[in-house]
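Student: This is the structure I want to talk about, given as C-alpha cells.
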Amino acid sequence: MDKEKRKQLFQQAKAWVLAAGEMIRKQINEPLEINIKSNPNDLVTSMDKAIEKFFVTNIKEYYPDHAILGEEGYGDELTSLSGTVWIIDPIDGTTNFVHQKRNFAISIGIYEEGIGEIGLIYDVMKDDLYSAKSGEGAYKNEQRLSHHPVHIKEAILGLNHHWLCENRLVDEKVMQKLIKTIRGARSYGSAALELAFVAEGVTDGYLSMRLSPWDIAAGIILIQEVGGIISNLEGEPLNLLIKQPIVVSNSHIYQDIMEEFIKKGKK
Ligand code: IPD
Ligand code: CA
Ligand code: CA
C-alpha cells in the first residue's frame, strides 16, 4: 500500500473508531441486552453488535471493494486475505465491558494482500488510542512507542490462569516455573489491550491459549512496529484465518520464553 493511501485510510479508520468510542461512552449506563455465545462465560451484548454494524455499514459505503472479517458476523465470510481486509473486534473484553464498564477496547487491523498496514486499539473509557502504520511506528495517542532491553527475571507477563490448569497446551508445572522466574504476571481480560500494553512496554510479553483473528489483527502491527516478536507456539507467524495460541514479547526475552518454557513444556 502506498504511503498516501495508508494515510487516508488511517485517518478515516481513526475517525470511525473515535466516533464508535463516543457512542459507547454515551450509552455506558444504559441497559444492555446480553446473550451467551459458545458457553456461559462467552458474552455478547447489543453494543458489540451495534458497533460492528456501524463499522460494516460505513466501510461498505465508503470502500465497497474492501472485505471485512468481524467477530459478530456482519462482515464477509473470508477464505483468504486477498485485497484490502478490515479485521474488526467491536468490543474486545466484553466481560469487562459488562462487569466493569471499563478495560475493554475497539480493535481494528487493516491488511492488504495479507500484510498488516494499519492497527488501531482504542481503550474507550480511558480515551487512549494505540495506533500503528506499517513502517511508520506505533503510538499511544501522540507518543511514539519503543522497546528497551529487558531480562526475563525482571519481566512482567500477561498470562491468564488457564495456563496453570491441568491438560493445557503447555505443562502446568513448566508454566508455574515461568511464573516463579519472572517478576510478575498480569491478566487484563482484553487480548487487544494486552498486545497494546506489550507494545507500550508496560508489560514485556503476553501468552494466550486460543485467540481469534480479530483479537490480534491490530496488535500484531503495533508489536511489529516496536520490534517485538509475535508467533504461535512453534515460533511460526500467525495465521489470521484461524484461532490459535500466541506468544508475544519484547525481542530480548522471546527466545528465553520459547526455548526454556514453551518448547520444554509443550504437550
Ligand atoms: C476475549 C478477550 C479475552 C481473551 C478471550 C477473547 P472478547 O475477547 O480478548 O481477553 O482471553 O480469548 O475471546 O470475547 O471479549 O471479544
Ligand atoms: Ca476479542
Ligand atoms: Ca469481541
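Chain identifiers are assigned as A, B, and so on, following the order in which chains appear in the C-alpha cells; residues are numbered from 1 within each chain, and ligands are numbered from 1 in order of appearance.
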If we count only C-alpha atoms, what is near segment 250-260 of chain A at a cut-off of 8 Å, once residues fewer than 3 positions away on the same chain are taken out, given as a compact mmCIF listing (two decimals) with all heavy atoms, in the first residue's frame?
Tutor:
# COMPACT_ATOMS: atom_id res chain seq x y z
N HIS A 147 10.71 -0.09 22.39
CA HIS A 147 11.07 -1.11 23.37
C HIS A 147 12.49 -0.91 23.87
O HIS A 147 13.35 -0.45 23.13
CB HIS A 147 10.96 -2.50 22.73
CG HIS A 147 9.59 -3.08 22.87
ND1 HIS A 147 9.24 -4.30 22.34
CD2 HIS A 147 8.48 -2.61 23.51
CE1 HIS A 147 7.97 -4.55 22.64
NE2 HIS A 147 7.49 -3.53 23.32
N PRO A 149 15.74 -2.95 26.27
CA PRO A 149 16.14 -4.29 26.69
C PRO A 149 15.53 -4.66 28.04
O PRO A 149 15.38 -3.80 28.91
CB PRO A 149 17.67 -4.18 26.81
CG PRO A 149 18.03 -3.01 25.97
CD PRO A 149 16.88 -2.06 26.03
N VAL A 150 15.17 -5.91 28.19
CA VAL A 150 14.62 -6.38 29.47
C VAL A 150 15.15 -7.79 29.70
O VAL A 150 15.43 -8.52 28.75
CB VAL A 150 13.07 -6.32 29.45
CG1 VAL A 150 12.48 -7.25 28.40
CG2 VAL A 150 12.48 -6.68 30.81
N HIS A 151 15.35 -8.15 30.96
CA HIS A 151 15.79 -9.50 31.32
C HIS A 151 14.58 -10.30 31.79
O HIS A 151 13.68 -9.75 32.41
CB HIS A 151 16.84 -9.41 32.44
CG HIS A 151 17.53 -10.71 32.68
ND1 HIS A 151 16.99 -11.72 33.45
CD2 HIS A 151 18.73 -11.18 32.22
CE1 HIS A 151 17.83 -12.75 33.46
NE2 HIS A 151 18.89 -12.45 32.72
N ILE A 152 14.57 -11.60 31.49
CA ILE A 152 13.43 -12.44 31.84
C ILE A 152 13.09 -12.34 33.34
O ILE A 152 11.92 -12.35 33.73
CB ILE A 152 13.67 -13.92 31.40
CG1 ILE A 152 12.43 -14.78 31.59
CG2 ILE A 152 14.84 -14.55 32.10
CD1 ILE A 152 11.42 -14.68 30.51
N VAL A 198 1.98 -4.58 25.70
CA VAL A 198 3.31 -5.11 25.35
C VAL A 198 4.01 -4.11 24.41
O VAL A 198 5.18 -3.79 24.57
CB VAL A 198 3.23 -6.51 24.69
CG1 VAL A 198 4.63 -6.98 24.27
CG2 VAL A 198 2.62 -7.52 25.66
N GLY A 201 5.27 -1.35 26.36
CA GLY A 201 6.37 -1.69 27.27
C GLY A 201 5.96 -1.66 28.73
O GLY A 201 6.80 -1.78 29.61
N ASP A 204 5.93 -6.96 29.33
CA ASP A 204 7.01 -7.36 28.43
C ASP A 204 6.63 -8.52 27.54
O ASP A 204 7.40 -8.91 26.66
CB ASP A 204 8.24 -7.72 29.27
CG ASP A 204 8.60 -6.56 30.19
OD1 ASP A 204 8.94 -5.49 29.65
OD2 ASP A 204 8.48 -6.71 31.42
N GLY A 205 5.46 -9.10 27.79
CA GLY A 205 5.01 -10.21 26.94
C GLY A 205 3.60 -10.60 27.30
O GLY A 205 3.03 -10.11 28.30
N GLY A 227 9.33 -3.52 17.20
CA GLY A 227 10.41 -4.52 17.17
C GLY A 227 10.17 -5.70 18.09
O GLY A 227 11.10 -6.46 18.40
N GLY A 228 8.94 -5.88 18.56
CA GLY A 228 8.61 -7.07 19.35
C GLY A 228 8.42 -8.28 18.45
O GLY A 228 8.43 -8.15 17.21
N ILE A 229 8.25 -9.44 19.05
CA ILE A 229 8.06 -10.67 18.26
C ILE A 229 6.75 -11.33 18.66
O ILE A 229 6.40 -11.38 19.84
CB ILE A 229 9.23 -11.66 18.49
CG1 ILE A 229 10.55 -10.97 18.14
CG2 ILE A 229 9.05 -12.92 17.63
CD1 ILE A 229 11.78 -11.83 18.33
N LEU A 233 2.91 -21.22 19.02
CA LEU A 233 3.77 -21.95 19.95
C LEU A 233 4.95 -22.62 19.27
O LEU A 233 5.91 -23.03 19.92
CB LEU A 233 2.97 -23.02 20.71
CG LEU A 233 1.85 -22.53 21.63
CD1 LEU A 233 1.29 -23.69 22.44
CD2 LEU A 233 2.32 -21.44 22.57
N GLY A 235 6.71 -21.00 17.05
CA GLY A 235 7.58 -19.91 16.62
C GLY A 235 7.27 -19.45 15.21
O GLY A 235 8.04 -18.69 14.61
N LYS A 263 8.81 -24.56 24.53
CA LYS A 263 9.24 -25.81 23.86
C LYS A 263 9.41 -26.95 24.86
O LYS A 263 9.02 -28.08 24.60
CB LYS A 263 10.53 -25.58 23.07
CG LYS A 263 10.23 -24.83 21.79
CD LYS A 263 11.42 -24.74 20.85
CE LYS A 263 11.04 -23.87 19.66
NZ LYS A 263 12.21 -23.37 18.94
N LYS A 264 9.96 -26.65 26.05
CA LYS A 264 10.18 -27.71 27.04
C LYS A 264 8.86 -28.23 27.61
O LYS A 264 8.76 -29.37 28.02
CB LYS A 264 11.07 -27.21 28.17
CG LYS A 264 12.53 -27.10 27.75
CD LYS A 264 13.44 -26.79 28.90
CE LYS A 264 14.87 -26.65 28.38
NZ LYS A 264 15.77 -26.00 29.32
Student: Show me which residues line ligand 1, defined as having an atom within 7 Å of a ligand atom where only C-alpha atoms and all ligand atoms count, and present them as a ChimeraX atom specification.
Tutor: /A:42-43,89,91-95,188-192,208,210-212,215
Student: For a test of reading the model, state the distance in Å between atom CA of Glu33 of chain A and atom CA of Phe97 of chain A, rounded to one decimal.
Tutor: 12.5 Å
Student: Go through A:Asp2, A:Glu72, A:Glu200, A:Glu154 one by one, measure the shortest atom-to-atom distance of each to ligand 2 using only C-alpha atoms and all ligand atoms, and give the residue with the smallest value.
Tutor: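 Closest residue, counting only C-alpha atoms and all ligand atoms: A:Glu72.
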Student: Name all residues at most 12 Å from Tyr122 of chain A (count only C-alpha atoms; drop same-chain ones fewer than 5 positions away) and give them as a PyMOL selection string.
Tutor: chain A and resi 13-22+24+88-93+102-109+127-132+139-141+190+192-193+195-197+218-219
Student: Taking the backbone alone, and naming residues the way the document does, which bits of segment 146-250 of chain A are strand (DSSP E) by DSSP, as a compact mmCIF listing (two decimals) with all heavy atoms, in the first residue's frame?
Tutor:
# COMPACT_ATOMS: atom_id res chain seq x y z
N ILE A 156 7.46 -8.57 33.24
CA ILE A 156 6.05 -8.74 33.65
C ILE A 156 5.32 -9.30 32.44
O ILE A 156 5.38 -8.73 31.34
CB ILE A 156 5.43 -7.39 34.06
CG1 ILE A 156 6.17 -6.82 35.27
CG2 ILE A 156 3.95 -7.56 34.39
CD1 ILE A 156 5.63 -5.49 35.75
N LEU A 157 4.65 -10.42 32.63
CA LEU A 157 3.95 -11.06 31.50
C LEU A 157 2.44 -11.08 31.71
O LEU A 157 1.97 -11.33 32.82
CB LEU A 157 4.41 -12.51 31.32
CG LEU A 157 5.88 -12.77 30.98
CD1 LEU A 157 6.09 -14.26 30.70
CD2 LEU A 157 6.32 -11.95 29.77
N GLY A 158 1.72 -10.84 30.64
CA GLY A 158 0.27 -11.03 30.64
C GLY A 158 -0.01 -12.51 30.42
O GLY A 158 0.53 -13.12 29.49
N LEU A 159 -0.79 -13.09 31.32
CA LEU A 159 -0.94 -14.55 31.33
C LEU A 159 -2.20 -14.88 32.10
O LEU A 159 -2.35 -14.41 33.23
CB LEU A 159 0.27 -15.08 32.10
CG LEU A 159 0.58 -16.55 32.14
CD1 LEU A 159 1.11 -16.99 30.79
CD2 LEU A 159 1.65 -16.80 33.22
N GLY A 184 6.56 -10.69 37.58
CA GLY A 184 5.13 -10.69 37.91
C GLY A 184 4.28 -11.06 36.71
O GLY A 184 4.73 -10.98 35.56
N ALA A 185 3.05 -11.49 37.00
CA ALA A 185 2.10 -11.82 35.93
C ALA A 185 0.88 -10.93 36.09
O ALA A 185 0.52 -10.52 37.19
CB ALA A 185 1.71 -13.29 36.01
N ARG A 186 0.24 -10.64 34.96
CA ARG A 186 -0.97 -9.81 34.96
C ARG A 186 -2.00 -10.46 34.05
O ARG A 186 -1.65 -11.22 33.16
CB ARG A 186 -0.65 -8.39 34.41
CG ARG A 186 0.37 -7.61 35.21
CD ARG A 186 -0.20 -7.14 36.53
NE ARG A 186 0.74 -6.33 37.29
CZ ARG A 186 1.63 -6.83 38.16
NH1 ARG A 186 1.69 -8.13 38.35
NH2 ARG A 186 2.43 -6.03 38.83
N GLY A 205 5.46 -9.10 27.79
CA GLY A 205 5.01 -10.21 26.94
C GLY A 205 3.60 -10.60 27.30
O GLY A 205 3.03 -10.11 28.30
N TYR A 206 3.04 -11.47 26.49
CA TYR A 206 1.67 -11.94 26.71
C TYR A 206 1.54 -13.31 26.06
O TYR A 206 1.98 -13.50 24.92
CB TYR A 206 0.69 -10.95 26.07
CG TYR A 206 -0.76 -11.38 26.01
CD1 TYR A 206 -1.45 -11.78 27.15
CD2 TYR A 206 -1.45 -11.36 24.80
CE1 TYR A 206 -2.79 -12.16 27.08
CE2 TYR A 206 -2.79 -11.73 24.73
CZ TYR A 206 -3.45 -12.14 25.87
OH TYR A 206 -4.77 -12.50 25.81
N LEU A 207 0.98 -14.25 26.80
CA LEU A 207 0.76 -15.60 26.27
C LEU A 207 -0.72 -15.87 26.33
O LEU A 207 -1.35 -15.65 27.37
CB LEU A 207 1.47 -16.65 27.11
CG LEU A 207 2.96 -16.46 27.41
CD1 LEU A 207 3.48 -17.66 28.19
CD2 LEU A 207 3.76 -16.31 26.13
N SER A 208 -1.29 -16.35 25.24
CA SER A 208 -2.70 -16.71 25.29
C SER A 208 -2.93 -18.00 24.53
O SER A 208 -2.27 -18.28 23.54
CB SER A 208 -3.57 -15.59 24.71
OG SER A 208 -4.93 -15.94 24.91
N MET A 209 -3.88 -18.78 25.03
CA MET A 209 -4.03 -20.13 24.51
C MET A 209 -4.83 -20.23 23.22
O MET A 209 -4.61 -21.11 22.43
CB MET A 209 -4.67 -21.00 25.57
CG MET A 209 -3.83 -22.19 25.82
SD MET A 209 -4.18 -23.05 27.31
CE MET A 209 -4.64 -21.88 28.48
N ARG A 210 -5.78 -19.34 23.03
CA ARG A 210 -6.65 -19.53 21.86
C ARG A 210 -7.27 -18.19 21.48
O ARG A 210 -8.30 -17.80 22.02
CB ARG A 210 -7.75 -20.53 22.25
CG ARG A 210 -8.41 -21.19 21.08
CD ARG A 210 -9.06 -22.49 21.53
NE ARG A 210 -9.78 -23.11 20.42
CZ ARG A 210 -11.09 -23.01 20.26
NH1 ARG A 210 -11.82 -22.33 21.11
NH2 ARG A 210 -11.67 -23.60 19.22
N LEU A 211 -6.64 -17.50 20.55
CA LEU A 211 -7.18 -16.21 20.14
C LEU A 211 -7.66 -16.24 18.70
O LEU A 211 -7.15 -16.98 17.86
CB LEU A 211 -6.12 -15.12 20.31
CG LEU A 211 -5.74 -14.79 21.76
CD1 LEU A 211 -4.70 -13.68 21.79
CD2 LEU A 211 -6.96 -14.39 22.59
N ILE A 229 8.25 -9.44 19.05
CA ILE A 229 8.06 -10.67 18.26
C ILE A 229 6.75 -11.33 18.66
O ILE A 229 6.40 -11.38 19.84
CB ILE A 229 9.23 -11.66 18.49
CG1 ILE A 229 10.55 -10.97 18.14
CG2 ILE A 229 9.05 -12.92 17.63
CD1 ILE A 229 11.78 -11.83 18.33
N ILE A 230 6.03 -11.81 17.65
CA ILE A 230 4.75 -12.48 17.91
C ILE A 230 4.68 -13.73 17.05
O ILE A 230 5.04 -13.69 15.86
CB ILE A 230 3.56 -11.51 17.67
CG1 ILE A 230 2.23 -12.13 18.09
CG2 ILE A 230 3.50 -11.00 16.26
CD1 ILE A 230 1.11 -11.09 18.29
N SER A 231 4.27 -14.84 17.65
CA SER A 231 4.24 -16.11 16.90
C SER A 231 3.26 -17.08 17.53
O SER A 231 2.68 -16.78 18.59
CB SER A 231 5.63 -16.75 16.91
OG SER A 231 5.91 -17.28 18.20
N GLN A 244 -5.80 -19.54 17.30
CA GLN A 244 -4.52 -20.15 17.61
C GLN A 244 -3.95 -19.60 18.92
O GLN A 244 -4.33 -18.51 19.37
CB GLN A 244 -3.51 -19.89 16.48
CG GLN A 244 -3.15 -18.43 16.33
CD GLN A 244 -3.05 -17.98 14.90
OE1 GLN A 244 -2.28 -18.53 14.13
NE2 GLN A 244 -3.84 -16.97 14.52
N PRO A 245 -3.02 -20.35 19.54
CA PRO A 245 -2.32 -19.82 20.70
C PRO A 245 -1.28 -18.80 20.25
O PRO A 245 -0.76 -18.92 19.13
CB PRO A 245 -1.64 -21.05 21.30
CG PRO A 245 -1.60 -22.07 20.24
CD PRO A 245 -2.62 -21.72 19.19
N ILE A 246 -0.96 -17.84 21.12
CA ILE A 246 0.08 -16.87 20.74
C ILE A 246 1.10 -16.64 21.85
O ILE A 246 0.79 -16.76 23.03
CB ILE A 246 -0.50 -15.49 20.29
CG1 ILE A 246 -0.98 -14.68 21.47
CG2 ILE A 246 -1.60 -15.62 19.27
CD1 ILE A 246 -1.01 -13.19 21.17
N VAL A 247 2.31 -16.34 21.40
CA VAL A 247 3.39 -15.90 22.28
C VAL A 247 3.85 -14.57 21.71
O VAL A 247 4.20 -14.49 20.54
CB VAL A 247 4.60 -16.88 22.23
CG1 VAL A 247 5.74 -16.36 23.10
CG2 VAL A 247 4.18 -18.28 22.65
N VAL A 248 3.82 -13.53 22.54
CA VAL A 248 4.31 -12.23 22.06
C VAL A 248 5.17 -11.63 23.15
O VAL A 248 4.86 -11.77 24.33
CB VAL A 248 3.13 -11.29 21.69
CG1 VAL A 248 2.16 -11.13 22.82
CG2 VAL A 248 3.65 -9.92 21.26
N SER A 249 6.27 -11.01 22.74
CA SER A 249 7.10 -10.37 23.77
C SER A 249 8.07 -9.38 23.16
O SER A 249 8.30 -9.34 21.96
CB SER A 249 7.88 -11.42 24.57
OG SER A 249 8.95 -11.91 23.80
Student: Nearest to ligand 2 among A:Ser187, A:Gln224, A:Ser134, A:Asn96, with distances taken over only C-alpha atoms and all ligand atoms: which residue is it?
Tutor: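 Residue with the minimum atom-to-atom distance to ligand 2: A:Asn96.
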Student: Considering only C-alpha atoms and all ligand atoms, can you say which of A:Val98, A:Ile262, A:Leu78, A:Ile179 comes closest to ligand 3?
Tutor: A:Val98
Student: Just the residues within 9 Å of Gly75 of chain A, please, counting only C-alpha atoms, with nothing from its chain fewer than 6 positions along; format it as a PyMOL selection string.
Tutor: chain A and resi 52-53+56+67-69+88
Student: For ligand 2, which residue among A:Glu71, A:Asp76, A:Asp65, A:Asp123 is the nearest when counting only C-alpha atoms and all ligand atoms?
Tutor: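 Result for the nearest residue to ligand 2: A:Glu71.
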Student: Would you mind telling me which residue in A:Arg6, A:Lys153, A:His99, A:His66 lies nearest to Gly83 of chain A when using only C-alpha atoms?
Tutor: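 So, comparing all the options, the nearest one is A:His66.
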Student: With distances taken over only C-alpha atoms and all ligand atoms, which of A:Ile216, A:Cys165, A:Met1, A:Ala199 is nearest to ligand 3?
Tutor: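 Using only C-alpha atoms and all ligand atoms, ligand 3 sits closest to A:Ile216.
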Student: Pull the helix (DSSP H, G or I) assignments for segment 22-213 of chain A out of DSSP run on the backbone, and list those residues as a VMD selection string.
Tutor: chain A and resid 22 to 26 46 to 62 94 to 100 152 to 154 161 to 164 172 to 181 191 to 200 213
Student: For atom CA of Leu238 of chain A and atom CA of Leu145 of chain A, quote the distance in Å rounded to one decimal.
Tutor: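 Going from atom CA of Leu238 of chain A over to atom CA of Leu145 of chain A, I get 22.6 Å.
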Student: Just the number, please: distance in Å from atom CA of Lys173 of chain A to atom CA of Lys267 of chain A, one decimal.
Tutor: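 These atoms are spaced 11.7 Å apart.
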Student: Excluding Leu164 of chain A and residues on its chain fewer than 4 positions from it, collect all residues at most 7 Å away from it, counting only C-alpha atoms, and give them as a PDB file with C-alpha atoms, in the first residue's frame.
Tutor:
ATOM      1  CA  GLU A 172       1.284 -26.548  34.014  1.00  0.00           C
ATOM      2  CA  MET A 175       4.165 -22.568  33.436  1.00  0.00           C
ATOM      3  CA  GLN A 176       4.468 -22.396  37.224  1.00  0.00           C
TER       4      GLN A 176
END
